[in-house]
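Participant: Submitted below is the structure of interest, expressed as structure tokens.
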Amino acid sequence: MGIWNKKYETMSRSELEQVQLERLQKTVKRVYDNVEMYRERMDKAGVKPEDIKTLADLAKLPFTTKDDLRDQYPFGLLAVPLDEVTEIHASSGTTGKQVIGPMTENDVELWAEIAARSLAAMGVEKNDVVHTSYGFGLFTGGFGAHYGARKIGAVAIPMSSGNSKRQIKFMKDLGSTYLCCTPSYAMSLAEVLYDMGYTKDDINLKGGVFGAEPWTEEMRKEIEDKLGIKAYDIYGLTEIIGPGVSYECTEQAGMHINEDLFIPEIINPDTGEVLPEGSMGELVFTCITKEAMPLIRYRTRDLCVLTKETCKCGRTLARMAKPVGRTDDMLIIRGVNVFPSQIEEVLMRTDGVAPYYQIVVDRVNNKDTLDILIELSSFGMSDEVKDIEALTRKLSAELLSMLGIKANVKLVEPKSITRSEGKAVRVIDNRKLH
Ligand code: ADP
Ligand code: ZN
């Protein structure tokens, strides 16, 4: 399927590393000269721009964290004068105060380029109708997909999220062929489609460009079946640029990182040590072509594994596995690490329950409690309490073996859990309130 930028997406690793090194050296010099925080930190660490002689020297540079972005809010990390900035977007604020992503005209162009690479890798062509239901208000999801679709020359529909019935109406009327939104919103839209009395045969969708939140393979299958599409994963973050930092190709075998623009590393989140290829750890990015706010060794807090093996699609760009979650999504319950994605995996493979759930953590008498509210599927609903009890027991047993701790499973009525229009909020941790 279409490779948007053959030169960079299929470059040999040695050529790519040469490009990365030259761009890294330029960027380090630029931030040293223009950003006080980086100059101070590099001076403190005793490293000068000239010390970056190989890619391995990247490890000499200090990390940047989300707290740094908050401390330097709004413009402390700008490497250009403010009048060169042409757009400012902001993160969704999932984990606290929002951070902003200022861009120059070239940065916006770069963003369109990576979004075009992503959509093209998922099969989007000029004659496609790209329906974007990511939010557009500051959140980067909407504009990223929109710019990418425009660059390819497809028909771009900036729907934004919400008003799901209207979404379905336009999808049908305009013959949308690709849907871009969060995977949780794709699930909600599929539900509304069927509630309106339609099926996948009444729409013209071929593919989905889903990201901005973690989702499991089980959820992918469910969305693909319900909407009759291929569902692709796309990853990105505002601090780095937005969606399209990495993207799946039609092999659906990990997301290709645009390494000619962002150098990835995997580190041990506790020690900061760089880990060898194939290890699970925290993903770190260094922007090597961005102008407005090029971040050095930015700690994403997303946990995943990288591989540099050439993909069957022909791309040489490294691939990242689906992030299992963020270090700060990880719940520590009774001393055990729990990721919401593990819970989702169990629910998605169990008959009788719908893929809507909420995790409530609390502390009672100094002991952590874990309640999982799970919706019964409207198809599998049974009046017999016996069945509900059996289902509860089955889910409890499977969750115990997946998580290693006991969860209190509560089955709830179909459609009683709030549907997501953007990033789903699945965890309520009441311990923070005490
Ligand atoms: P935030 O949610 O932190 O306010 P963003 O809206 O910029 O900020 O979202 C970026 C974050 O969303 C990433 O760091 C990552 O945790 C998550 N994310 C984005 N795409 C994916 C994806 N495809 N799979 C899993 N998580 C993702
Ligand atoms: Zn590939």
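Convention: chains lettered A, B, ... in structure tokens order; per-chain residue numbering from 1; ligands numbered from 1 as shown.
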Just want the residues within 7 Å of ligand 2, written as a PyMOL selection string, counting only C-alpha atoms and all ligand atoms.

Facilitator: chain A and resi 248-251+253+256+311-315

Participant: Show me which residues line ligand 1, defined as having an atom within 9 Å of a ligand atom where only C-alpha atoms and all ligand atoms count, and present them as an mmCIF file with N, CA, C and O atoms, in the first residue's frame.

Facilitator:
```cif
data_model
loop_
_atom_site.group_PDB
_atom_site.id
_atom_site.type_symbol
_atom_site.label_atom_id
_atom_site.label_comp_id
_atom_site.auth_asym_id
_atom_site.auth_seq_id
_atom_site.Cartn_x
_atom_site.Cartn_y
_atom_site.Cartn_z
ATOM 1 N N LYS A 66 7.365 16.186 31.579
ATOM 2 C CA LYS A 66 6.120 16.950 31.480
ATOM 3 C C LYS A 66 6.118 18.087 32.513
ATOM 4 O O LYS A 66 5.594 19.162 32.241
ATOM 5 N N ALA A 90 -2.965 22.302 22.139
ATOM 6 C CA ALA A 90 -2.728 21.916 23.526
ATOM 7 C C ALA A 90 -3.105 20.463 23.732
ATOM 8 O O ALA A 90 -3.904 19.897 22.982
ATOM 9 N N SER A 91 -2.519 19.847 24.754
ATOM 10 C CA SER A 91 -2.814 18.445 25.052
ATOM 11 C C SER A 91 -4.215 18.358 25.651
ATOM 12 O O SER A 91 -4.813 19.369 26.007
ATOM 13 N N SER A 92 -4.709 17.140 25.769
ATOM 14 C CA SER A 92 -6.055 16.969 26.309
ATOM 15 C C SER A 92 -6.092 17.164 27.818
ATOM 16 O O SER A 92 -7.153 17.238 28.401
ATOM 17 N N GLY A 93 -4.920 17.177 28.441
ATOM 18 C CA GLY A 93 -4.904 17.377 29.885
ATOM 19 C C GLY A 93 -5.345 16.153 30.665
ATOM 20 O O GLY A 93 -5.891 16.260 31.752
ATOM 21 N N THR A 94 -5.099 14.959 30.095
ATOM 22 C CA THR A 94 -5.522 13.724 30.739
ATOM 23 C C THR A 94 -4.915 13.575 32.135
ATOM 24 O O THR A 94 -5.546 13.054 33.034
ATOM 25 N N THR A 95 -3.674 14.003 32.294
ATOM 26 C CA THR A 95 -3.008 13.741 33.571
ATOM 27 C C THR A 95 -2.645 15.026 34.315
ATOM 28 O O THR A 95 -1.628 15.097 34.968
ATOM 29 N N GLY A 96 -3.481 16.037 34.197
ATOM 30 C CA GLY A 96 -3.187 17.255 34.937
ATOM 31 C C GLY A 96 -3.267 18.459 34.044
ATOM 32 O O GLY A 96 -3.968 18.458 33.031
ATOM 33 N N LYS A 97 -2.495 19.487 34.416
ATOM 34 C CA LYS A 97 -2.534 20.737 33.652
ATOM 35 C C LYS A 97 -2.133 20.495 32.202
ATOM 36 O O LYS A 97 -1.233 19.716 31.924
ATOM 37 N N GLN A 98 -2.817 21.180 31.302
ATOM 38 C CA GLN A 98 -2.497 21.008 29.887
ATOM 39 C C GLN A 98 -1.130 21.592 29.562
ATOM 40 O O GLN A 98 -0.701 22.544 30.177
ATOM 41 N N VAL A 99 -0.501 20.993 28.555
ATOM 42 C CA VAL A 99 0.720 21.602 28.039
ATOM 43 C C VAL A 99 0.445 22.023 26.603
ATOM 44 O O VAL A 99 -0.435 21.477 25.948
ATOM 45 N N ILE A 100 1.212 23.004 26.145
ATOM 46 C CA ILE A 100 0.920 23.493 24.797
ATOM 47 C C ILE A 100 1.979 23.066 23.794
ATOM 48 O O ILE A 100 3.119 22.750 24.154
ATOM 49 N N GLY A 101 1.573 23.036 22.547
ATOM 50 C CA GLY A 101 2.471 22.699 21.456
ATOM 51 C C GLY A 101 2.481 23.832 20.440
ATOM 52 O O GLY A 101 1.646 23.867 19.544
ATOM 53 N N PHE A 139 -7.060 20.229 21.083
ATOM 54 C CA PHE A 139 -6.578 18.847 20.962
ATOM 55 C C PHE A 139 -6.006 18.642 19.552
ATOM 56 O O PHE A 139 -6.582 19.074 18.567
ATOM 57 N N THR A 140 -4.856 17.981 19.481
ATOM 58 C CA THR A 140 -4.188 17.858 18.174
ATOM 59 C C THR A 140 -4.812 16.805 17.253
ATOM 60 O O THR A 140 -4.547 16.810 16.054
ATOM 61 N N GLY A 141 -5.623 15.895 17.820
ATOM 62 C CA GLY A 141 -6.173 14.796 17.016
ATOM 63 C C GLY A 141 -6.866 15.260 15.753
ATOM 64 O O GLY A 141 -6.571 14.803 14.644
ATOM 65 N N THR A 182 -10.940 8.426 18.376
ATOM 66 C CA THR A 182 -10.365 7.539 19.393
ATOM 67 C C THR A 182 -11.047 6.171 19.241
ATOM 68 O O THR A 182 -12.206 6.102 18.832
ATOM 69 N N PRO A 183 -10.354 5.095 19.596
ATOM 70 C CA PRO A 183 -10.990 3.781 19.493
ATOM 71 C C PRO A 183 -12.251 3.687 20.358
ATOM 72 O O PRO A 183 -13.220 3.034 19.971
ATOM 73 N N PHE A 210 -7.271 5.068 14.349
ATOM 74 C CA PHE A 210 -7.662 5.200 15.747
ATOM 75 C C PHE A 210 -6.458 5.315 16.671
ATOM 76 O O PHE A 210 -5.539 4.494 16.604
ATOM 77 N N GLY A 211 -6.493 6.306 17.552
ATOM 78 C CA GLY A 211 -5.383 6.467 18.482
ATOM 79 C C GLY A 211 -5.740 7.448 19.574
ATOM 80 O O GLY A 211 -6.915 7.687 19.837
ATOM 81 N N ALA A 212 -4.729 7.992 20.198
ATOM 82 C CA ALA A 212 -4.838 8.963 21.291
ATOM 83 C C ALA A 212 -5.098 8.329 22.647
ATOM 84 O O ALA A 212 -5.095 9.014 23.661
ATOM 85 N N GLU A 213 -5.323 7.027 22.676
ATOM 86 C CA GLU A 213 -5.514 6.330 23.956
ATOM 87 C C GLU A 213 -5.141 4.862 23.745
ATOM 88 O O GLU A 213 -5.157 4.378 22.617
ATOM 89 N N PRO A 214 -4.785 4.175 24.811
ATOM 90 C CA PRO A 214 -4.432 2.759 24.651
ATOM 91 C C PRO A 214 -5.663 1.921 24.319
ATOM 92 O O PRO A 214 -6.761 2.209 24.811
ATOM 93 N N TRP A 215 -5.495 0.923 23.498
ATOM 94 C CA TRP A 215 -6.596 -0.016 23.187
ATOM 95 C C TRP A 215 -5.996 -1.368 22.890
ATOM 96 O O TRP A 215 -4.856 -1.483 22.477
ATOM 97 N N THR A 216 -6.788 -2.395 23.121
ATOM 98 C CA THR A 216 -6.254 -3.755 23.006
ATOM 99 C C THR A 216 -6.540 -4.357 21.631
ATOM 100 O O THR A 216 -7.366 -3.851 20.877
ATOM 101 N N TYR A 232 -6.720 0.695 12.217
ATOM 102 C CA TYR A 232 -5.284 0.944 12.378
ATOM 103 C C TYR A 232 -5.005 1.836 13.578
ATOM 104 O O TYR A 232 -5.799 2.704 13.923
ATOM 105 N N ASP A 233 -3.828 1.636 14.118
ATOM 106 C CA ASP A 233 -3.411 2.382 15.300
ATOM 107 C C ASP A 233 -2.499 3.546 14.889
ATOM 108 O O ASP A 233 -1.649 3.384 14.009
ATOM 109 N N ILE A 234 -2.711 4.681 15.505
ATOM 110 C CA ILE A 234 -1.839 5.840 15.256
ATOM 111 C C ILE A 234 -1.493 6.446 16.608
ATOM 112 O O ILE A 234 -2.332 6.462 17.511
ATOM 113 N N TYR A 235 -0.255 6.895 16.750
ATOM 114 C CA TYR A 235 0.208 7.375 18.053
ATOM 115 C C TYR A 235 0.824 8.758 17.906
ATOM 116 O O TYR A 235 1.438 9.064 16.878
ATOM 117 N N GLY A 236 0.665 9.541 18.930
ATOM 118 C CA GLY A 236 1.346 10.833 18.918
ATOM 119 C C GLY A 236 1.078 11.563 20.202
ATOM 120 O O GLY A 236 0.284 11.116 21.022
ATOM 121 N N LEU A 237 1.773 12.662 20.390
ATOM 122 C CA LEU A 237 1.526 13.481 21.565
ATOM 123 C C LEU A 237 1.823 14.929 21.239
ATOM 124 O O LEU A 237 2.705 15.225 20.421
ATOM 125 N N THR A 238 1.054 15.798 21.858
ATOM 126 C CA THR A 238 1.123 17.226 21.586
ATOM 127 C C THR A 238 2.531 17.785 21.781
ATOM 128 O O THR A 238 2.988 18.604 21.000
ATOM 129 N N GLU A 239 3.179 17.327 22.854
ATOM 130 C CA GLU A 239 4.491 17.878 23.180
ATOM 131 C C GLU A 239 5.468 17.671 22.020
ATOM 132 O O GLU A 239 6.328 18.500 21.758
ATOM 133 N N ILE A 240 5.348 16.534 21.349
ATOM 134 C CA ILE A 240 6.268 16.226 20.253
ATOM 135 C C ILE A 240 5.763 16.844 18.952
ATOM 136 O O ILE A 240 6.505 17.471 18.223
ATOM 137 N N ILE A 241 4.496 16.675 18.631
ATOM 138 C CA ILE A 241 3.883 17.351 17.481
ATOM 139 C C ILE A 241 2.384 17.081 17.392
ATOM 140 O O ILE A 241 1.611 17.971 17.055
ATOM 141 N N GLY A 242 1.961 15.861 17.693
ATOM 142 C CA GLY A 242 0.549 15.483 17.545
ATOM 143 C C GLY A 242 0.478 14.090 16.958
ATOM 144 O O GLY A 242 1.490 13.379 16.921
ATOM 145 N N PRO A 243 -0.694 13.662 16.477
ATOM 146 C CA PRO A 243 -0.810 12.301 15.944
ATOM 147 C C PRO A 243 0.061 12.113 14.705
ATOM 148 O O PRO A 243 0.214 13.043 13.917
ATOM 149 N N GLY A 244 0.640 10.926 14.567
ATOM 150 C CA GLY A 244 1.469 10.668 13.394
ATOM 151 C C GLY A 244 2.943 10.540 13.763
ATOM 152 O O GLY A 244 3.783 10.305 12.906
ATOM 153 N N VAL A 245 3.272 10.684 15.048
ATOM 154 C CA VAL A 245 4.654 10.427 15.462
ATOM 155 C C VAL A 245 4.979 8.987 15.048
ATOM 156 O O VAL A 245 6.044 8.691 14.542
ATOM 157 N N SER A 246 3.982 8.099 15.206
ATOM 158 C CA SER A 246 4.127 6.745 14.667
ATOM 159 C C SER A 246 2.777 6.244 14.191
ATOM 160 O O SER A 246 1.731 6.742 14.633
ATOM 161 N N TYR A 247 2.812 5.265 13.288
ATOM 162 C CA TYR A 247 1.581 4.828 12.620
ATOM 163 C C TYR A 247 1.718 3.387 12.166
ATOM 164 O O TYR A 247 2.794 2.928 11.824
ATOM 165 N N MET A 255 3.736 0.137 15.253
ATOM 166 C CA MET A 255 3.640 1.453 14.631
ATOM 167 C C MET A 255 5.017 1.970 14.227
ATOM 168 O O MET A 255 5.932 2.030 15.046
ATOM 169 N N THR A 300 8.007 10.371 27.582
ATOM 170 C CA THR A 300 6.574 10.321 27.271
ATOM 171 C C THR A 300 5.738 9.692 28.382
ATOM 172 O O THR A 300 4.546 9.882 28.439
ATOM 173 N N ARG A 301 6.401 8.893 29.224
ATOM 174 C CA ARG A 301 5.737 8.094 30.260
ATOM 175 C C ARG A 301 4.937 6.929 29.663
ATOM 176 O O ARG A 301 4.241 6.210 30.380
ATOM 177 N N ASP A 302 5.002 6.771 28.344
ATOM 178 C CA ASP A 302 4.345 5.619 27.713
ATOM 179 C C ASP A 302 5.306 4.437 27.732
ATOM 180 O O ASP A 302 6.491 4.592 27.421
ATOM 181 N N LEU A 303 4.772 3.269 28.086
ATOM 182 C CA LEU A 303 5.618 2.081 28.180
ATOM 183 C C LEU A 303 5.435 1.211 26.952
ATOM 184 O O LEU A 303 4.311 0.850 26.601
ATOM 185 N N LYS A 322 2.181 -1.601 20.610
ATOM 186 C CA LYS A 322 1.137 -0.824 21.279
ATOM 187 C C LYS A 322 1.606 -0.476 22.682
ATOM 188 O O LYS A 322 2.015 -1.369 23.419
ATOM 189 N N PRO A 323 1.533 0.794 23.078
ATOM 190 C CA PRO A 323 1.927 1.099 24.461
ATOM 191 C C PRO A 323 0.966 0.382 25.415
ATOM 192 O O PRO A 323 -0.233 0.355 25.173
ATOM 193 N N VAL A 324 1.520 -0.234 26.454
ATOM 194 C CA VAL A 324 0.638 -0.936 27.393
ATOM 195 C C VAL A 324 -0.084 0.059 28.287
ATOM 196 O O VAL A 324 -1.045 -0.272 28.952
ATOM 197 N N GLY A 325 0.402 1.274 28.304
ATOM 198 C CA GLY A 325 -0.228 2.286 29.136
ATOM 199 C C GLY A 325 0.833 3.277 29.528
ATOM 200 O O GLY A 325 1.988 3.136 29.142
ATOM 201 N N ARG A 326 0.455 4.274 30.263
ATOM 202 C CA ARG A 326 1.422 5.258 30.704
ATOM 203 C C ARG A 326 1.917 4.858 32.081
ATOM 204 O O ARG A 326 1.158 4.249 32.840
ATOM 205 N N THR A 327 3.107 5.285 32.400
ATOM 206 C CA THR A 327 3.586 4.974 33.741
ATOM 207 C C THR A 327 2.607 5.561 34.756
ATOM 208 O O THR A 327 2.368 4.990 35.791
ATOM 209 N N ASP A 329 -0.640 5.869 34.295
ATOM 210 C CA ASP A 329 -1.933 5.177 34.227
ATOM 211 C C ASP A 329 -1.891 3.959 35.108
ATOM 212 O O ASP A 329 -2.906 3.375 35.442
ATOM 213 N N LYS A 423 -11.140 10.783 24.603
ATOM 214 C CA LYS A 423 -10.387 9.777 25.348
ATOM 215 C C LYS A 423 -11.293 9.263 26.463
ATOM 216 O O LYS A 423 -11.813 10.041 27.253
#
```

Participant: Quick one: residues within 10 Å of range 193-200 of chain A, only C-alpha atoms counted, chain neighbours fewer than 3 positions away excluded, as JSON, numbers by chain?

Facilitator: {"A": [164, 165, 167, 168, 169, 187, 188, 189, 190, 203, 204, 205, 224, 225, 226, 227, 228, 229]}

Participant: For those residues, write C-alpha atoms to a file as an mmCIF file, in the first residue's frame.

Facilitator:
```
data_model
loop_
_atom_site.group_PDB
_atom_site.id
_atom_site.type_symbol
_atom_site.label_atom_id
_atom_site.label_comp_id
_atom_site.auth_asym_id
_atom_site.auth_seq_id
_atom_site.Cartn_x
_atom_site.Cartn_y
_atom_site.Cartn_z
ATOM 1 C CA SER A 164 -23.215 10.795 17.161
ATOM 2 C CA LYS A 165 -26.458 10.484 15.202
ATOM 3 C CA GLN A 167 -22.049 11.699 12.566
ATOM 4 C CA ILE A 168 -23.757 8.557 11.256
ATOM 5 C CA LYS A 169 -26.016 10.582 8.953
ATOM 6 C CA MET A 187 -17.021 1.788 19.610
ATOM 7 C CA SER A 188 -19.660 4.339 20.610
ATOM 8 C CA LEU A 189 -20.312 5.281 16.976
ATOM 9 C CA ALA A 190 -20.701 1.608 16.057
ATOM 10 C CA ILE A 203 -22.039 2.598 5.423
ATOM 11 C CA ASN A 204 -19.085 2.806 3.101
ATOM 12 C CA LEU A 205 -16.182 2.723 5.593
ATOM 13 C CA GLU A 224 -13.346 -4.251 12.772
ATOM 14 C CA ASP A 225 -16.294 -6.670 12.975
ATOM 15 C CA LYS A 226 -18.890 -4.087 13.907
ATOM 16 C CA LEU A 227 -17.898 -1.498 11.301
ATOM 17 C CA GLY A 228 -16.653 -3.863 8.605
ATOM 18 C CA ILE A 229 -13.260 -2.134 8.383
#
```

Participant: Counting only C-alpha atoms, what is within 10 Å of Val284 in chain A, bar same-chain residues fewer than 4 positions away, as a PDB file with N, CA, C and O atoms, in the first residue's frame?

Facilitator:
```pdb
ATOM      1  N   PHE A  63      17.277  14.767  30.313  1.00  0.00           N
ATOM      2  CA  PHE A  63      15.892  14.485  29.909  1.00  0.00           C
ATOM      3  C   PHE A  63      15.036  15.742  30.038  1.00  0.00           C
ATOM      4  O   PHE A  63      15.374  16.671  30.776  1.00  0.00           O
ATOM      5  N   THR A  64      13.905  15.733  29.340  1.00  0.00           N
ATOM      6  CA  THR A  64      12.872  16.759  29.531  1.00  0.00           C
ATOM      7  C   THR A  64      11.633  16.021  30.022  1.00  0.00           C
ATOM      8  O   THR A  64      11.324  14.939  29.523  1.00  0.00           O
ATOM      9  N   THR A  65      10.945  16.589  31.015  1.00  0.00           N
ATOM     10  CA  THR A  65       9.753  15.913  31.536  1.00  0.00           C
ATOM     11  C   THR A  65       8.526  16.797  31.354  1.00  0.00           C
ATOM     12  O   THR A  65       8.645  17.982  31.048  1.00  0.00           O
ATOM     13  N   PHE A 262      12.073  12.204  14.590  1.00  0.00           N
ATOM     14  CA  PHE A 262      12.057  12.034  16.050  1.00  0.00           C
ATOM     15  C   PHE A 262      12.893  10.809  16.388  1.00  0.00           C
ATOM     16  O   PHE A 262      12.599   9.716  15.907  1.00  0.00           O
ATOM     17  N   ILE A 263      13.921  10.987  17.207  1.00  0.00           N
ATOM     18  CA  ILE A 263      14.739   9.830  17.586  1.00  0.00           C
ATOM     19  C   ILE A 263      14.135   9.185  18.833  1.00  0.00           C
ATOM     20  O   ILE A 263      13.984   9.842  19.863  1.00  0.00           O
ATOM     21  N   PRO A 264      13.779   7.893  18.739  1.00  0.00           N
ATOM     22  CA  PRO A 264      13.218   7.218  19.912  1.00  0.00           C
ATOM     23  C   PRO A 264      14.291   6.532  20.745  1.00  0.00           C
ATOM     24  O   PRO A 264      15.315   6.095  20.216  1.00  0.00           O
ATOM     25  N   GLU A 265      14.072   6.457  22.037  1.00  0.00           N
ATOM     26  CA  GLU A 265      14.912   5.630  22.922  1.00  0.00           C
ATOM     27  C   GLU A 265      13.950   4.934  23.885  1.00  0.00           C
ATOM     28  O   GLU A 265      12.857   5.433  24.133  1.00  0.00           O
ATOM     29  N   ILE A 266      14.378   3.810  24.421  1.00  0.00           N
ATOM     30  CA  ILE A 266      13.613   3.155  25.484  1.00  0.00           C
ATOM     31  C   ILE A 266      14.502   3.161  26.724  1.00  0.00           C
ATOM     32  O   ILE A 266      15.653   2.732  26.670  1.00  0.00           O
ATOM     33  N   ILE A 267      13.970   3.695  27.811  1.00  0.00           N
ATOM     34  CA  ILE A 267      14.773   3.778  29.037  1.00  0.00           C
ATOM     35  C   ILE A 267      14.085   3.042  30.192  1.00  0.00           C
ATOM     36  O   ILE A 267      12.878   2.818  30.161  1.00  0.00           O
ATOM     37  N   PRO A 269      12.424   3.416  33.410  1.00  0.00           N
ATOM     38  CA  PRO A 269      11.789   4.610  33.985  1.00  0.00           C
ATOM     39  C   PRO A 269      12.294   4.950  35.389  1.00  0.00           C
ATOM     40  O   PRO A 269      12.174   6.093  35.822  1.00  0.00           O
ATOM     41  N   VAL A 274      19.474   3.794  29.330  1.00  0.00           N
ATOM     42  CA  VAL A 274      18.963   3.394  28.013  1.00  0.00           C
ATOM     43  C   VAL A 274      18.970   1.873  27.917  1.00  0.00           C
ATOM     44  O   VAL A 274      19.966   1.226  28.238  1.00  0.00           O
ATOM     45  N   ILE A 296      14.213  17.824  23.776  1.00  0.00           N
ATOM     46  CA  ILE A 296      15.349  16.906  23.835  1.00  0.00           C
ATOM     47  C   ILE A 296      15.028  15.814  24.850  1.00  0.00           C
ATOM     48  O   ILE A 296      14.705  16.102  26.000  1.00  0.00           O
ATOM     49  N   ARG A 297      15.135  14.570  24.423  1.00  0.00           N
ATOM     50  CA  ARG A 297      14.927  13.421  25.305  1.00  0.00           C
ATOM     51  C   ARG A 297      13.667  13.590  26.169  1.00  0.00           C
ATOM     52  O   ARG A 297      13.703  13.501  27.399  1.00  0.00           O
ATOM     53  N   TYR A 298      12.553  13.791  25.505  1.00  0.00           N
ATOM     54  CA  TYR A 298      11.297  13.984  26.221  1.00  0.00           C
ATOM     55  C   TYR A 298      10.738  12.652  26.716  1.00  0.00           C
ATOM     56  O   TYR A 298      10.530  11.721  25.943  1.00  0.00           O
ATOM     57  N   ARG A 299      10.513  12.564  28.002  1.00  0.00           N
ATOM     58  CA  ARG A 299       9.992  11.325  28.602  1.00  0.00           C
ATOM     59  C   ARG A 299       8.479  11.278  28.446  1.00  0.00           C
ATOM     60  O   ARG A 299       7.765  12.041  29.083  1.00  0.00           O
ATOM     61  N   THR A 300       8.007  10.371  27.582  1.00  0.00           N
ATOM     62  CA  THR A 300       6.574  10.321  27.271  1.00  0.00           C
ATOM     63  C   THR A 300       5.738   9.692  28.382  1.00  0.00           C
ATOM     64  O   THR A 300       4.546   9.882  28.439  1.00  0.00           O
ATOM     65  N   ARG A 301       6.401   8.893  29.224  1.00  0.00           N
ATOM     66  CA  ARG A 301       5.737   8.094  30.260  1.00  0.00           C
ATOM     67  C   ARG A 301       4.937   6.929  29.663  1.00  0.00           C
ATOM     68  O   ARG A 301       4.241   6.210  30.380  1.00  0.00           O
ATOM     69  N   ASP A 302       5.002   6.771  28.344  1.00  0.00           N
ATOM     70  CA  ASP A 302       4.345   5.619  27.713  1.00  0.00           C
ATOM     71  C   ASP A 302       5.306   4.437  27.732  1.00  0.00           C
ATOM     72  O   ASP A 302       6.491   4.592  27.421  1.00  0.00           O
ATOM     73  N   LEU A 303       4.772   3.269  28.086  1.00  0.00           N
ATOM     74  CA  LEU A 303       5.618   2.081  28.180  1.00  0.00           C
ATOM     75  C   LEU A 303       5.435   1.211  26.952  1.00  0.00           C
ATOM     76  O   LEU A 303       4.311   0.850  26.601  1.00  0.00           O
TER      77      LEU A 303
END
```

Participant: Neighbours of Ala145 in chain A within 12 Å (only C-alpha atoms; same-chain residues fewer than 5 positions away dropped), as an MDAnalysis selection string?

Facilitator: chainID A and resid 111:120 124 129:136 139:140 150:152 154:160 178:182 208:212 234:236 242:244 247

Participant: Mind the document's chain letters and residue numbers, and return as a tab-separated table (two decimals) with C-alpha atoms, in the first residue's frame the residues of range 187-245 of chain A that DSSP labels helix (DSSP H, G or I).

Facilitator:
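This is the output file part.tsv:
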```tsv
chain	number	residue	atom	x	y	z
A	187	MET	CA	-17.02	1.79	19.61
A	188	SER	CA	-19.66	4.34	20.61
A	189	LEU	CA	-20.31	5.28	16.98
A	190	ALA	CA	-20.70	1.61	16.06
A	191	GLU	CA	-23.25	1.24	18.83
A	192	VAL	CA	-25.21	4.28	17.62
A	193	LEU	CA	-25.12	2.95	14.04
A	194	TYR	CA	-26.83	-0.27	15.12
A	195	ASP	CA	-29.20	1.58	17.50
A	200	LYS	CA	-22.06	-2.04	8.61
A	201	ASP	CA	-23.60	-2.70	5.18
A	202	ASP	CA	-25.31	0.69	5.25
A	217	GLU	CA	-6.12	-6.22	20.10
A	218	GLU	CA	-9.46	-7.56	21.33
A	219	MET	CA	-10.99	-4.11	20.96
A	220	ARG	CA	-9.52	-3.86	17.47
A	221	LYS	CA	-11.28	-7.08	16.45
A	222	GLU	CA	-14.56	-5.89	17.89
A	223	ILE	CA	-14.40	-2.56	16.01
A	224	GLU	CA	-13.35	-4.25	12.77
A	225	ASP	CA	-16.29	-6.67	12.97
A	226	LYS	CA	-18.89	-4.09	13.91
A	227	LEU	CA	-17.90	-1.50	11.30
```

Participant: Which of range 152-368 of chain A end up as strand (DSSP E) when DSSP is run on this backbone - answer as a VMD selection string?

Facilitator: chain A and resid 155 to 158 178 to 181 207 to 211 230 to 237 242 to 248 255 to 257 262 to 267 281 to 287 298 to 304 306 to 307 319 to 320 325 to 326 331 to 333 336 to 338 353 to 364 367 to 368

Participant: Find the residue from A:Gly144, A:Leu138, A:Val338, A:Ser14 that sits nearest to Leu400 in chain A; use only C-alpha atoms when measuring.

Facilitator: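 Counting only C-alpha atoms, the residue closest to Leu400 in chain A is A:Val338.
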
Participant: Please indicate the distance in Å from CA of Ile52 in chain A to CA of Thr289 in chain A, rounded to one decimal place.

Facilitator: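 We find that CA of Ile52 in chain A and CA of Thr289 in chain A lie 16.1 Å from each other.
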